[in-house]
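Enquirer: Structure file run-v3.cif (mmCIF, C-alpha atoms) is given on the next line.
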```
data_run
#
loop_
_atom_site.group_PDB
_atom_site.id
_atom_site.type_symbol
_atom_site.label_atom_id
_atom_site.label_comp_id
_atom_site.auth_asym_id
_atom_site.auth_seq_id
_atom_site.Cartn_x
_atom_site.Cartn_y
_atom_site.Cartn_z
ATOM 1 C CA LEU B 179 131.607 129.828 9.146
ATOM 2 C CA ASN B 180 135.349 130.075 9.575
ATOM 3 C CA ALA B 181 134.973 132.522 12.472
ATOM 4 C CA GLY B 182 132.409 130.265 14.122
ATOM 5 C CA ILE B 183 134.637 127.218 13.723
ATOM 6 C CA ARG B 184 137.605 129.121 15.184
ATOM 7 C CA GLY B 185 135.434 130.172 18.122
ATOM 8 C CA VAL B 186 134.355 126.601 18.828
ATOM 9 C CA LYS B 187 137.920 125.307 18.628
ATOM 10 C CA ASP B 188 139.229 128.149 20.822
ATOM 11 C CA ALA B 189 136.539 127.451 23.410
ATOM 12 C CA ALA B 190 137.234 123.699 23.340
ATOM 13 C CA LYS B 191 140.955 124.308 23.970
ATOM 14 C CA SER B 192 141.738 120.642 23.311
ATOM 15 C CA GLY B 193 141.355 121.022 19.557
ATOM 16 C CA LYS B 194 139.779 117.562 19.401
ATOM 17 C CA ILE B 195 136.228 118.701 18.753
ATOM 18 C CA LYS B 196 134.835 117.641 15.382
ATOM 19 C CA ILE B 197 133.119 120.209 13.192
ATOM 20 C CA MET B 198 130.095 119.127 11.172
ATOM 21 C CA ILE B 199 128.521 121.076 8.335
ATOM 22 C CA HIS B 200 124.925 120.006 7.702
ATOM 23 C CA ALA B 201 122.995 120.541 4.485
ATOM 24 C CA ALA B 202 119.436 119.335 3.954
ATOM 25 C CA ILE B 203 120.180 117.891 0.504
ATOM 26 C CA GLY B 204 120.626 114.199 1.299
ATOM 27 C CA GLY B 205 119.500 112.664 -1.978
ATOM 28 C CA ASP B 206 120.813 115.253 -4.410
ATOM 29 C CA VAL B 207 124.276 114.248 -5.651
ATOM 30 C CA ILE B 208 124.907 117.413 -7.668
ATOM 31 C CA ALA B 209 123.744 119.854 -4.995
ATOM 32 C CA SER B 210 125.622 117.991 -2.245
ATOM 33 C CA ASN B 211 128.902 117.954 -4.147
ATOM 34 C CA LYS B 212 128.535 121.586 -5.183
ATOM 35 C CA PHE B 213 127.757 122.691 -1.622
ATOM 36 C CA TYR B 214 130.678 120.890 0.047
ATOM 37 C CA SER B 215 133.124 121.723 -2.775
ATOM 38 C CA ASN B 216 132.185 125.374 -2.405
ATOM 39 C CA LEU B 217 132.906 125.263 1.336
ATOM 40 C CA ILE B 218 136.284 123.614 0.816
ATOM 41 C CA ASN B 219 137.192 126.050 -1.977
ATOM 42 C CA ARG B 220 136.458 128.892 0.444
ATOM 43 C CA GLY B 221 138.783 127.438 3.072
ATOM 44 C CA VAL B 222 136.138 126.165 5.484
ATOM 45 C CA GLU B 223 137.705 123.394 7.552
ATOM 46 C CA PHE B 224 135.329 120.741 8.847
ATOM 47 C CA ASP B 225 135.453 117.053 9.726
ATOM 48 C CA VAL B 226 131.972 115.661 9.165
ATOM 49 C CA ILE B 227 129.485 115.996 6.325
ATOM 50 C CA GLY B 228 125.973 116.104 7.733
ATOM 51 C CA ILE B 229 122.986 115.328 5.525
ATOM 52 C CA SER B 230 119.255 115.075 6.052
ATOM 53 C CA TYR B 231 117.246 112.251 4.566
ATOM 54 C CA TYR B 232 113.475 112.235 4.323
ATOM 55 C CA PRO B 233 112.119 110.356 1.279
ATOM 56 C CA TRP B 234 109.394 112.954 0.608
ATOM 57 C CA TRP B 235 112.038 115.685 0.288
ATOM 58 C CA HIS B 236 115.219 113.840 -0.736
ATOM 59 C CA GLY B 237 114.183 110.936 -2.951
ATOM 60 C CA ASP B 238 114.388 107.174 -2.783
ATOM 61 C CA PHE B 239 116.998 104.998 -1.085
ATOM 62 C CA GLN B 240 118.986 104.690 -4.312
ATOM 63 C CA GLN B 241 119.298 108.479 -4.495
ATOM 64 C CA LEU B 242 120.495 108.503 -0.878
ATOM 65 C CA GLU B 243 123.047 105.791 -1.668
ATOM 66 C CA ASN B 244 124.253 107.643 -4.762
ATOM 67 C CA SER B 245 124.739 110.786 -2.715
ATOM 68 C CA ILE B 246 126.595 108.982 0.084
ATOM 69 C CA TYR B 247 128.798 107.185 -2.439
ATOM 70 C CA SER B 248 129.618 110.413 -4.243
ATOM 71 C CA LEU B 249 130.319 112.373 -1.050
ATOM 72 C CA THR B 250 132.538 109.564 0.241
ATOM 73 C CA LYS B 251 134.432 109.360 -3.049
ATOM 74 C CA ASN B 252 134.882 113.107 -3.470
ATOM 75 C CA PHE B 253 135.625 114.184 0.105
ATOM 76 C CA ASP B 254 137.768 112.620 2.797
ATOM 77 C CA LYS B 255 135.169 113.119 5.539
ATOM 78 C CA GLU B 256 132.994 110.974 7.719
ATOM 79 C CA LEU B 257 129.269 111.316 7.129
ATOM 80 C CA SER B 258 126.320 111.661 9.464
ATOM 81 C CA VAL B 259 122.622 111.466 8.712
ATOM 82 C CA VAL B 260 121.778 114.391 10.953
ATOM 83 C CA GLU B 261 118.030 114.244 10.400
ATOM 84 C CA THR B 262 115.666 111.456 9.447
ATOM 85 C CA ALA B 263 112.198 110.328 10.503
ATOM 86 C CA TYR B 264 109.123 108.592 9.115
ATOM 87 C CA TYR B 265 105.389 108.978 9.661
ATOM 88 C CA SER B 266 103.430 106.415 11.647
ATOM 89 C CA ASN B 267 100.125 108.254 12.095
ATOM 90 C CA GLY B 268 98.494 107.633 8.700
ATOM 91 C CA TRP B 269 99.415 111.061 7.303
ATOM 92 C CA TYR B 270 101.954 111.613 4.548
ATOM 93 C CA PRO B 271 102.887 114.856 2.751
ATOM 94 C CA GLU B 272 101.045 115.382 -0.515
ATOM 95 C CA SER B 273 103.173 115.853 -3.625
ATOM 96 C CA SER B 274 103.836 119.487 -4.463
ATOM 97 C CA ASP B 275 106.593 121.740 -5.747
ATOM 98 C CA TRP B 276 108.674 120.971 -2.641
ATOM 99 C CA VAL B 277 107.377 117.482 -1.771
ATOM 100 C CA LEU B 278 108.327 114.486 -3.911
ATOM 101 C CA ALA B 279 105.900 111.666 -4.662
ATOM 102 C CA GLU B 280 108.297 109.210 -2.989
ATOM 103 C CA LYS B 281 106.395 106.979 -0.526
ATOM 104 C CA PRO B 282 108.525 103.875 0.120
ATOM 105 C CA PHE B 283 106.318 102.533 2.931
ATOM 106 C CA PRO B 284 102.834 103.253 4.265
ATOM 107 C CA PRO B 285 102.684 105.947 6.981
ATOM 108 C CA THR B 286 101.853 103.430 9.700
ATOM 109 C CA GLU B 287 103.675 101.988 12.692
ATOM 110 C CA GLN B 288 104.723 99.022 10.539
ATOM 111 C CA GLY B 289 105.728 101.316 7.667
ATOM 112 C CA GLN B 290 107.867 103.411 10.019
ATOM 113 C CA TYR B 291 109.543 100.223 11.252
ATOM 114 C CA GLU B 292 110.190 99.004 7.677
ATOM 115 C CA TYR B 293 111.602 102.421 6.732
ATOM 116 C CA LEU B 294 114.071 102.279 9.617
ATOM 117 C CA ILE B 295 115.099 98.707 8.764
ATOM 118 C CA GLN B 296 115.722 99.691 5.132
ATOM 119 C CA LEU B 297 117.576 102.849 6.180
ATOM 120 C CA ALA B 298 119.825 100.823 8.499
ATOM 121 C CA LYS B 299 120.561 98.285 5.756
ATOM 122 C CA THR B 300 121.347 101.076 3.308
ATOM 123 C CA LEU B 301 123.625 102.998 5.666
ATOM 124 C CA LYS B 302 125.511 99.879 6.788
ATOM 125 C CA LEU B 303 126.740 99.519 3.195
ATOM 126 C CA HIS B 304 128.689 102.764 3.649
ATOM 127 C CA PRO B 305 131.362 102.721 6.390
ATOM 128 C CA SER B 306 131.808 106.483 6.022
ATOM 129 C CA VAL B 307 128.402 106.968 7.704
ATOM 130 C CA LYS B 308 129.236 107.021 11.404
ATOM 131 C CA THR B 309 126.074 108.391 13.036
ATOM 132 C CA VAL B 310 122.337 108.758 12.517
ATOM 133 C CA PHE B 311 120.015 111.101 14.393
ATOM 134 C CA TYR B 312 116.249 110.550 14.400
ATOM 135 C CA TRP B 313 114.386 113.861 14.308
ATOM 136 C CA LYS B 314 112.144 114.346 17.349
ATOM 137 C CA PRO B 315 111.737 110.710 18.403
ATOM 138 C CA ASP B 316 109.647 111.747 21.419
ATOM 139 C CA GLU B 317 107.348 114.350 19.856
ATOM 140 C CA LEU B 318 103.658 113.847 20.546
ATOM 141 C CA ASP B 319 101.214 113.804 17.647
ATOM 142 C CA ILE B 320 98.559 116.421 18.433
ATOM 143 C CA PRO B 321 96.134 116.496 15.465
ATOM 144 C CA GLU B 322 94.393 119.678 16.669
ATOM 145 C CA SER B 323 97.682 121.557 16.327
ATOM 146 C CA LYS B 324 97.541 121.138 12.539
ATOM 147 C CA VAL B 325 101.354 120.924 12.511
ATOM 148 C CA PRO B 326 102.034 118.658 9.496
ATOM 149 C CA TYR B 327 105.415 117.302 10.540
ATOM 150 C CA GLN B 328 104.079 115.686 13.706
ATOM 151 C CA GLY B 329 103.331 111.980 13.621
ATOM 152 C CA ARG B 330 106.922 110.845 13.152
ATOM 153 C CA SER B 331 107.581 110.075 16.820
ATOM 154 C CA LEU B 332 108.786 106.677 17.959
ATOM 155 C CA PHE B 333 106.176 106.770 20.737
ATOM 156 C CA ASP B 334 102.390 106.893 20.723
ATOM 157 C CA ASN B 335 100.463 109.684 22.475
ATOM 158 C CA SER B 336 100.394 107.646 25.697
ATOM 159 C CA GLY B 337 104.192 107.384 25.721
ATOM 160 C CA ASN B 338 104.341 103.744 24.641
ATOM 161 C CA ALA B 339 107.209 102.771 22.360
ATOM 162 C CA LEU B 340 106.293 102.057 18.749
ATOM 163 C CA LYS B 341 107.819 99.138 16.855
ATOM 164 C CA GLY B 342 110.245 101.484 15.043
ATOM 165 C CA LEU B 343 112.146 102.042 18.281
ATOM 166 C CA LYS B 344 113.392 98.456 18.043
ATOM 167 C CA ALA B 345 114.236 98.542 14.330
ATOM 168 C CA TRP B 346 117.994 98.812 14.791
ATOM 169 C CA LYS B 347 118.338 96.761 17.942
ATOM 170 C CA ASN B 348 119.717 93.649 16.252
ATOM 171 C CA MET B 349 121.216 95.131 13.079
ATOM 172 C CA ASP B 350 124.780 93.818 13.600
#
```
As structure tokens - that is how I would like this structure written.
Expert:
Amino acid sequence: LNAGIRGVKDAAKSGKIKIMIHAAIGGDVIASNKFYSNLINRGVEFDVIGISYYPWWHGDFQQLENSIYSLTKNFDKELSVVETAYYSNGWYPESSDWVLAEKPFPPTEQGQYEYLIQLAKTLKLHPSVKTVFYWKPDELDIPESKVPYQGRSLFDNSGNALKGLKAWKNMD
């Protein structure tokens, strides 16, 4: 990591490029703190903590808030939700060893919209969160592909915007 970071900074020449380290452990306070503490203890210099947040993998909104609060308190870094998305096609991951039973909203267009509204409200409580990236907002849902993570796009299969696309429009 240190060599990669040095390479990026050398290539940038201005030295103003921010380095983000992303871990897909958005709702796990203990794992998040352990991961970033370990990096810092090993001398890895970075500017932004990147986390993923999907309720079926990372828990409920309170777990996300707890993690953000803890990361903000323990590290002097800005935060970014590097990955998030929500199903709108009626499918939702079944609970298993790696999938939590967390289903905050139905996997419908309206449920996707409500998820994004709640996520925005949650993140706005934490000024350390500077950016959010929606995972594959333009991906088409092709049921015959049997790819389970499809169906989280912000567009229908005809390319029309779903309601979720407007969720954050007036969130000032």
Enquirer: Hey, which bits of segment 254-275 of chain B sit within 12 Å of segment 295-299 of chain B, and for each residue what's the closest pair of atoms and how far apart in Å (one decimal), counting only C-alpha atoms, rows by chain and increasing number, as a tab-separated table?
Expert:
```
residue	atom	partner	partner_atom	distance
B:Val259	CA	B:Leu297	CA	10.3
B:Thr262	CA	B:Leu297	CA	9.4
B:Ala263	CA	B:Leu297	CA	10.2
B:Tyr264	CA	B:Leu297	CA	10.6
```
Enquirer: I'd like the interatomic distance between atom CA of Ser323 of chain B and atom CA of Gly237 of chain B, to a tenth of an Å.
Expert: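 Separation between atom CA of Ser323 of chain B and atom CA of Gly237 of chain B: 27.5 Å.
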Enquirer: What separation in Å, quoted to one decimal, exists between atom CA of Asp254 of chain B and atom CA of Ser306 of chain B?
Expert: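 Atom-to-atom, atom CA of Asp254 of chain B and atom CA of Ser306 of chain B are spaced 9.1 Å apart.
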Enquirer: Counting all atoms listed in the file, what is within 12 Å of Pro315 of chain B, bar same-chain residues fewer than 6 positions away, as a PyMOL selection string?
Expert: chain B and resi 261-266+290+328-334+337-340+342-343
Enquirer: Kindly resolve the PyMOL selection byres ((chain B and resi 205) around 7) on the present coordinates and return the residues as a list in words.
Expert: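 Applied to this file, the PyMOL selection byres ((chain B and resi 205) around 7) selects Ile203, Gly204, Asp206, Val207, Tyr231, His236, Gly237, Gln241, Leu242 and Ser245 of chain B.
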Enquirer: Using all atoms listed in the file, which of B:Ala201, B:Pro305, B:Gln288, B:Val325 sits nearest Lys344 of chain B?
Expert: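 Among the listed residues, B:Gln288 lies closest to Lys344 of chain B.
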Enquirer: Contacts of segment 271-283 of chain B at 9 Å or less, counting all atoms listed in the file, minus same-chain residues fewer than 2 places along, as a PyMOL selection string?
Expert: chain B and resi 233-239+269+285-286+288-290+292-293+326-327
Enquirer: Using all atoms listed in the file, find the one residue out of B:Glu256, B:Glu287, B:Asp225, B:Glu317 that sits nearest to Lys194 of chain B.
Expert: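 Residue with the minimum atom-to-atom distance to Lys194 of chain B: B:Asp225.
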Enquirer: Compile the contact shell of Arg184 of chain B as a ChimeraX atom specification: residues with an atom at most 12 Å away, counting all atoms listed in the file, same-chain residues fewer than 2 positions apart removed.
Expert: /B:179-182,186-191,193,195-197,222-224
Enquirer: What does the distance between atom CA of Asn252 of chain B and atom CA of Gly185 of chain B come to in Å, to one decimal place?
Expert: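 For atom CA of Asn252 of chain B relative to atom CA of Gly185 of chain B, the distance reads 27.5 Å.
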